[in-house]
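Shown here: entry-v9.pdb, PDB, C-alpha atoms, pLDDT in the B column.
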ATOM      1  CA  MET A   1      -5.779  -6.145   6.463  1.00 44.00           C
ATOM      2  CA  SER A   2      -5.394  -7.287  10.046  1.00 47.00           C
ATOM      3  CA  GLU A   3      -3.693 -10.595   9.348  1.00 68.00           C
ATOM      4  CA  LYS A   4       0.039 -10.984   8.924  1.00 82.00           C
ATOM      5  CA  LEU A   5       1.284 -11.417   5.383  1.00 91.00           C
ATOM      6  CA  GLU A   6       2.482 -14.727   3.989  1.00 92.00           C
ATOM      7  CA  PRO A   7       6.175 -14.957   3.020  1.00 93.00           C
ATOM      8  CA  VAL A   8       5.306 -15.069  -0.685  1.00 95.00           C
ATOM      9  CA  ASP A   9       3.214 -11.894  -0.310  1.00 96.00           C
ATOM     10  CA  ILE A  10       6.181 -10.182   1.310  1.00 95.00           C
ATOM     11  CA  ARG A  11       8.421 -11.254  -1.588  1.00 96.00           C
ATOM     12  CA  ILE A  12       5.851  -9.836  -4.017  1.00 97.00           C
ATOM     13  CA  LEU A  13       5.663  -6.537  -2.131  1.00 97.00           C
ATOM     14  CA  GLU A  14       9.453  -6.225  -1.890  1.00 95.00           C
ATOM     15  CA  ALA A  15       9.810  -6.822  -5.624  1.00 96.00           C
ATOM     16  CA  LEU A  16       7.061  -4.344  -6.521  1.00 97.00           C
ATOM     17  CA  GLN A  17       8.490  -1.675  -4.205  1.00 95.00           C
ATOM     18  CA  ARG A  18      11.804  -2.032  -6.042  1.00 93.00           C
ATOM     19  CA  ASP A  19      10.167  -1.987  -9.483  1.00 95.00           C
ATOM     20  CA  GLY A  20       6.447  -1.376  -9.874  1.00 94.00           C
ATOM     21  CA  ARG A  21       6.721  -1.905 -13.632  1.00 95.00           C
ATOM     22  CA  LEU A  22       7.506  -5.600 -13.391  1.00 96.00           C
ATOM     23  CA  THR A  23       5.403  -7.745 -15.664  1.00 97.00           C
ATOM     24  CA  ASN A  24       3.508 -10.556 -13.985  1.00 97.00           C
ATOM     25  CA  GLN A  25       5.849 -12.994 -15.750  1.00 97.00           C
ATOM     26  CA  ALA A  26       8.978 -11.312 -14.343  1.00 97.00           C
ATOM     27  CA  LEU A  27       7.399 -10.925 -10.909  1.00 98.00           C
ATOM     28  CA  SER A  28       6.359 -14.559 -10.736  1.00 97.00           C
ATOM     29  CA  ALA A  29       9.895 -15.636 -11.662  1.00 97.00           C
ATOM     30  CA  GLN A  30      11.389 -13.407  -8.951  1.00 96.00           C
ATOM     31  CA  VAL A  31       9.092 -14.630  -6.187  1.00 96.00           C
ATOM     32  CA  GLY A  32       9.027 -18.305  -7.150  1.00 95.00           C
ATOM     33  CA  LEU A  33       5.381 -18.676  -8.179  1.00 96.00           C
ATOM     34  CA  SER A  34       3.783 -19.580 -11.466  1.00 97.00           C
ATOM     35  CA  ALA A  35       2.108 -16.709 -13.315  1.00 97.00           C
ATOM     36  CA  SER A  36      -1.546 -17.390 -12.418  1.00 97.00           C
ATOM     37  CA  PRO A  37      -1.123 -17.728  -8.638  1.00 97.00           C
ATOM     38  CA  CYS A  38       1.189 -14.699  -8.646  1.00 97.00           C
ATOM     39  CA  TRP A  39      -1.391 -12.621 -10.503  1.00 97.00           C
ATOM     40  CA  ARG A  40      -4.132 -13.740  -8.067  1.00 97.00           C
ATOM     41  CA  ARG A  41      -1.991 -12.784  -5.035  1.00 97.00           C
ATOM     42  CA  VAL A  42      -1.178  -9.358  -6.482  1.00 98.00           C
ATOM     43  CA  ARG A  43      -4.854  -8.816  -7.248  1.00 97.00           C
ATOM     44  CA  GLN A  44      -5.779  -9.848  -3.680  1.00 96.00           C
ATOM     45  CA  LEU A  45      -3.169  -7.458  -2.228  1.00 97.00           C
ATOM     46  CA  GLU A  46      -4.656  -4.687  -4.375  1.00 97.00           C
ATOM     47  CA  ASP A  47      -8.252  -5.553  -3.399  1.00 97.00           C
ATOM     48  CA  GLU A  48      -7.321  -5.589   0.311  1.00 95.00           C
ATOM     49  CA  GLY A  49      -5.674  -2.184  -0.003  1.00 96.00           C
ATOM     50  CA  VAL A  50      -2.165  -3.404   0.840  1.00 96.00           C
ATOM     51  CA  ILE A  51      -1.066  -2.206  -2.613  1.00 97.00           C
ATOM     52  CA  ARG A  52      -2.665   1.201  -3.038  1.00 95.00           C
ATOM     53  CA  ASP A  53      -1.256   2.267  -6.405  1.00 94.00           C
ATOM     54  CA  TYR A  54       1.714   2.216  -8.733  1.00 94.00           C
ATOM     55  CA  THR A  55       3.748   5.373  -9.288  1.00 92.00           C
ATOM     56  CA  ALA A  56       6.979   6.645 -10.787  1.00 91.00           C
ATOM     57  CA  THR A  57       9.558   8.164  -8.435  1.00 90.00           C
ATOM     58  CA  LEU A  58      10.764  11.458  -9.887  1.00 93.00           C
ATOM     59  CA  ASP A  59      13.944  13.377  -9.160  1.00 94.00           C
ATOM     60  CA  ARG A  60      12.516  16.659  -7.861  1.00 95.00           C
ATOM     61  CA  ARG A  61      15.631  18.638  -8.830  1.00 96.00           C
ATOM     62  CA  ARG A  62      15.435  17.488 -12.455  1.00 97.00           C
ATOM     63  CA  ILE A  63      11.866  18.747 -12.694  1.00 97.00           C
ATOM     64  CA  GLY A  64      12.761  22.142 -11.275  1.00 98.00           C
ATOM     65  CA  LEU A  65      11.949  21.712  -7.577  1.00 98.00           C
ATOM     66  CA  GLY A  66      15.194  22.699  -5.885  1.00 97.00           C
ATOM     67  CA  VAL A  67      13.753  23.371  -2.428  1.00 98.00           C
ATOM     68  CA  LEU A  68      12.457  20.695  -0.077  1.00 98.00           C
ATOM     69  CA  ALA A  69      11.157  21.916   3.264  1.00 98.00           C
ATOM     70  CA  PHE A  70       9.187  20.690   6.240  1.00 98.00           C
ATOM     71  CA  ILE A  71       6.768  23.070   7.917  1.00 98.00           C
ATOM     72  CA  ARG A  72       5.541  22.425  11.448  1.00 98.00           C
ATOM     73  CA  VAL A  73       2.179  24.074  12.041  1.00 96.00           C
ATOM     74  CA  ARG A  74       0.211  24.772  15.202  1.00 94.00           C
ATOM     75  CA  ILE A  75      -3.417  25.762  14.887  1.00 92.00           C
ATOM     76  CA  ASP A  76      -5.439  27.867  17.324  1.00 88.00           C
ATOM     77  CA  SER A  77      -8.023  25.278  18.183  1.00 80.00           C
ATOM     78  CA  HIS A  78      -7.719  21.552  18.691  1.00 74.00           C
ATOM     79  CA  SER A  79     -11.315  20.859  17.803  1.00 81.00           C
ATOM     80  CA  GLU A  80     -11.940  18.123  15.285  1.00 87.00           C
ATOM     81  CA  ALA A  81     -13.766  20.567  12.994  1.00 87.00           C
ATOM     82  CA  GLU A  82     -10.817  22.990  12.928  1.00 85.00           C
ATOM     83  CA  ALA A  83      -8.316  20.220  12.245  1.00 86.00           C
ATOM     84  CA  GLU A  84     -10.516  18.875   9.466  1.00 89.00           C
ATOM     85  CA  ALA A  85     -10.911  22.330   7.901  1.00 89.00           C
ATOM     86  CA  PHE A  86      -7.141  22.835   7.946  1.00 91.00           C
ATOM     87  CA  SER A  87      -6.569  19.356   6.480  1.00 93.00           C
ATOM     88  CA  GLU A  88      -9.023  19.987   3.639  1.00 93.00           C
ATOM     89  CA  GLU A  89      -7.332  23.271   2.709  1.00 94.00           C
ATOM     90  CA  VAL A  90      -3.826  21.767   2.809  1.00 96.00           C
ATOM     91  CA  ALA A  91      -4.914  18.809   0.648  1.00 96.00           C
ATOM     92  CA  LYS A  92      -5.687  21.275  -2.174  1.00 96.00           C
ATOM     93  CA  LEU A  93      -2.136  22.686  -2.300  1.00 97.00           C
ATOM     94  CA  GLU A  94       0.108  21.164  -4.986  1.00 97.00           C
ATOM     95  CA  GLU A  95       3.273  22.379  -3.272  1.00 98.00           C
ATOM     96  CA  VAL A  96       2.410  20.285  -0.213  1.00 98.00           C
ATOM     97  CA  VAL A  97       3.472  16.777  -1.235  1.00 97.00           C
ATOM     98  CA  ALA A  98       2.702  15.193   2.156  1.00 97.00           C
ATOM     99  CA  CYS A  99       0.932  16.271   5.328  1.00 97.00           C
ATOM    100  CA  TYR A 100       0.754  14.499   8.667  1.00 97.00           C
ATOM    101  CA  SER A 101      -1.189  15.135  11.847  1.00 94.00           C
ATOM    102  CA  ILE A 102       1.447  14.799  14.571  1.00 95.00           C
ATOM    103  CA  ALA A 103       1.835  14.622  18.335  1.00 94.00           C
ATOM    104  CA  GLY A 104       4.094  16.986  20.238  1.00 93.00           C
ATOM    105  CA  ASP A 105       4.516  20.736  20.157  1.00 93.00           C
ATOM    106  CA  SER A 106       2.957  21.060  16.673  1.00 95.00           C
ATOM    107  CA  ASP A 107      -0.271  19.816  15.166  1.00 94.00           C
ATOM    108  CA  PHE A 108       0.746  19.173  11.561  1.00 96.00           C
ATOM    109  CA  LEU A 109       3.903  18.465   9.587  1.00 98.00           C
ATOM    110  CA  LEU A 110       3.856  19.514   5.932  1.00 98.00           C
ATOM    111  CA  GLN A 111       6.402  18.401   3.355  1.00 98.00           C
ATOM    112  CA  VAL A 112       6.686  21.136   0.733  1.00 98.00           C
ATOM    113  CA  VAL A 113       8.554  21.511  -2.554  1.00 98.00           C
ATOM    114  CA  SER A 114       9.303  24.699  -4.455  1.00 98.00           C
ATOM    115  CA  PRO A 115      11.501  25.791  -7.369  1.00 98.00           C
ATOM    116  CA  ASN A 116      13.636  28.136  -5.244  1.00 98.00           C
ATOM    117  CA  LEU A 117      13.760  30.066  -1.965  1.00 98.00           C
ATOM    118  CA  ASP A 118      11.949  33.081  -3.389  1.00 98.00           C
ATOM    119  CA  THR A 119       8.977  31.038  -4.573  1.00 98.00           C
ATOM    120  CA  TYR A 120       8.985  29.138  -1.278  1.00 98.00           C
ATOM    121  CA  ALA A 121       8.920  32.399   0.700  1.00 98.00           C
ATOM    122  CA  ASP A 122       6.051  33.692  -1.402  1.00 98.00           C
ATOM    123  CA  PHE A 123       4.097  30.435  -0.937  1.00 98.00           C
ATOM    124  CA  ALA A 124       4.745  30.340   2.809  1.00 97.00           C
ATOM    125  CA  MET A 125       3.719  33.959   3.383  1.00 96.00           C
ATOM    126  CA  THR A 126       0.797  34.282   0.980  1.00 96.00           C
ATOM    127  CA  VAL A 127      -0.687  30.786   1.141  1.00 96.00           C
ATOM    128  CA  ILE A 128       0.337  28.834   4.243  1.00 95.00           C
ATOM    129  CA  ARG A 129       0.230  31.774   6.679  1.00 94.00           C
ATOM    130  CA  ARG A 130      -3.258  32.637   5.458  1.00 91.00           C
ATOM    131  CA  LEU A 131      -4.739  29.205   6.063  1.00 90.00           C
ATOM    132  CA  PRO A 132      -7.505  29.281   8.679  1.00 81.00           C
ATOM    133  CA  ARG A 133      -6.610  29.178  12.380  1.00 85.00           C
ATOM    134  CA  ILE A 134      -2.804  29.017  12.031  1.00 92.00           C
ATOM    135  CA  LYS A 135      -1.207  30.026  15.304  1.00 93.00           C
ATOM    136  CA  GLU A 136       2.426  29.289  14.501  1.00 94.00           C
ATOM    137  CA  MET A 137       4.551  27.811  11.735  1.00 96.00           C
ATOM    138  CA  GLN A 138       8.213  26.861  11.582  1.00 97.00           C
ATOM    139  CA  THR A 139      10.138  25.832   8.478  1.00 98.00           C
ATOM    140  CA  THR A 140      13.064  23.441   8.312  1.00 98.00           C
ATOM    141  CA  PHE A 141      14.914  23.299   4.994  1.00 98.00           C
ATOM    142  CA  VAL A 142      16.479  20.092   3.725  1.00 97.00           C
ATOM    143  CA  LEU A 143      20.130  20.678   2.896  1.00 97.00           C
ATOM    144  CA  LYS A 144      20.825  17.174   1.623  1.00 95.00           C
ATOM    145  CA  GLU A 145      18.657  14.100   1.194  1.00 94.00           C
ATOM    146  CA  ILE A 146      20.520  11.315   2.965  1.00 95.00           C
ATOM    147  CA  LYS A 147      17.906   8.597   2.609  1.00 93.00           C
ATOM    148  CA  PRO A 148      14.796   9.583   0.675  1.00 90.00           C
ATOM    149  CA  PHE A 149      11.706   7.405   0.996  1.00 89.00           C
ATOM    150  CA  ARG A 150      11.960   4.319  -1.200  1.00 86.00           C
ATOM    151  CA  GLY A 151       9.450   1.977   0.371  1.00 89.00           C
ATOM    152  CA  PHE A 152       8.384   0.429   3.636  1.00 90.00           C
ATOM    153  CA  PRO A 153      10.373  -2.224   5.527  1.00 90.00           C
ATOM    154  CA  LEU A 154       8.557  -5.527   5.383  1.00 90.00           C
ATOM    155  CA  ASP A 155      10.414  -7.380   8.140  1.00 84.00           C
ATOM    156  CA  PHE A 156       7.502  -6.679  10.488  1.00 82.00           C
ATOM    157  CA  ALA A 157       4.777  -7.930   8.166  1.00 78.00           C
ATOM    158  CA  SER A 158       5.312 -11.690   8.346  1.00 69.00           C
ATOM    159  CA  GLY A 159       3.271 -14.045  10.463  1.00 58.00           C
TER
END
Can the structure from this file be put into structure tokens for me?
Amino acid sequence: MSEKLEPVDIRILEALQRDGRLTNQALSAQVGLSASPCWRRVRQLEDEGVIRDYTATLDRRRIGLGVLAFIRVRIDSHSEAEAEAFSEEVAKLEEVVACYSIAGDSDFLLQVVSPNLDTYADFAMTVIRRLPRIKEMQTTFVLKEIKPFRGFPLDFASG
């Protein structure tokens, strides 16, 4: 979507980022629209790919994932084929919850979860280190989550 969002669309997105389980009735009341136009706008935002999906946010510690780490990775080659091969392999790994191609002194940034340091070490050494064309990797462990991701700011989306 290349156009800026309408104020009512921004209100819809803010409400759904706070609570993706809102019924259309509750959402329409929150954003000041009647139910049918609200439903049509949500459907349009979904069709345009602005709303990609609806998920539940889990507490990783309560499901046994005590370690959160970021791994910066440099690969040997900067060819598109090598980067694509690495990306395809990383996408298959459940422990990698997010992966970004980045600029700077590394090529990729992986966000990884693990039950504990021992299982992380095993994963890093037997899985990540053995991915094709890895030249260097560096891990940073999260000691405390100060502000975990909760949604995107929408101040920049209005027209």
Could you write out as a list in words the residues that the PyMOL selection byres ((chain A and resi 98) around 9) matches in the shown file? Ala91, Val96, Val97, Cys99, Tyr100, Leu109, Leu110, Gln111 and Val112 of chain A
Within 12 Å of (12.9, 22.5, 1.8) in the file's own coordinates, which protein, DNA or RNA residues have an atom, counting only C-alpha atoms? List them as a count of residues only. 33
Any chance you could work out the residue set of the PyMOL selection byres ((chain A and resi 14-28) around 10) here, as a PyMOL selection string? chain A and resi 8-13+29-39+42+51+53-56+150-154
Around (-0.2, 15.7, 13.7) in the file's own coordinates, what residues are found within 12 Å if you use only C-alpha atoms, given back as an mmCIF file with C-alpha atoms, in the frame of the given file?
data_model
loop_
_atom_site.group_PDB
_atom_site.id
_atom_site.type_symbol
_atom_site.label_atom_id
_atom_site.label_comp_id
_atom_site.auth_asym_id
_atom_site.auth_seq_id
_atom_site.Cartn_x
_atom_site.Cartn_y
_atom_site.Cartn_z
ATOM 1 C CA ILE A 71 6.768 23.070 7.917
ATOM 2 C CA ARG A 72 5.541 22.425 11.448
ATOM 3 C CA VAL A 73 2.179 24.074 12.041
ATOM 4 C CA ARG A 74 0.211 24.772 15.202
ATOM 5 C CA ILE A 75 -3.417 25.762 14.887
ATOM 6 C CA HIS A 78 -7.719 21.552 18.691
ATOM 7 C CA ALA A 83 -8.316 20.220 12.245
ATOM 8 C CA GLU A 84 -10.516 18.875 9.466
ATOM 9 C CA PHE A 86 -7.141 22.835 7.946
ATOM 10 C CA SER A 87 -6.569 19.356 6.480
ATOM 11 C CA ALA A 98 2.702 15.193 2.156
ATOM 12 C CA CYS A 99 0.932 16.271 5.328
ATOM 13 C CA TYR A 100 0.754 14.499 8.667
ATOM 14 C CA SER A 101 -1.189 15.135 11.847
ATOM 15 C CA ILE A 102 1.447 14.799 14.571
ATOM 16 C CA ALA A 103 1.835 14.622 18.335
ATOM 17 C CA GLY A 104 4.094 16.986 20.238
ATOM 18 C CA ASP A 105 4.516 20.736 20.157
ATOM 19 C CA SER A 106 2.957 21.060 16.673
ATOM 20 C CA ASP A 107 -0.271 19.816 15.166
ATOM 21 C CA PHE A 108 0.746 19.173 11.561
ATOM 22 C CA LEU A 109 3.903 18.465 9.587
ATOM 23 C CA LEU A 110 3.856 19.514 5.932
#
List the residues matched by the PyMOL selection byres ((chain A and resi 135) around 9) in the displayed structure as a list in words, ordered by chain and then by residue number.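 Listing what the PyMOL selection byres ((chain A and resi 135) around 9) selects in the shown file: Val73, Arg74, Ile75, Asp76, Ser77, Arg129, Arg133, Ile134, Glu136 and Met137 of chain A.
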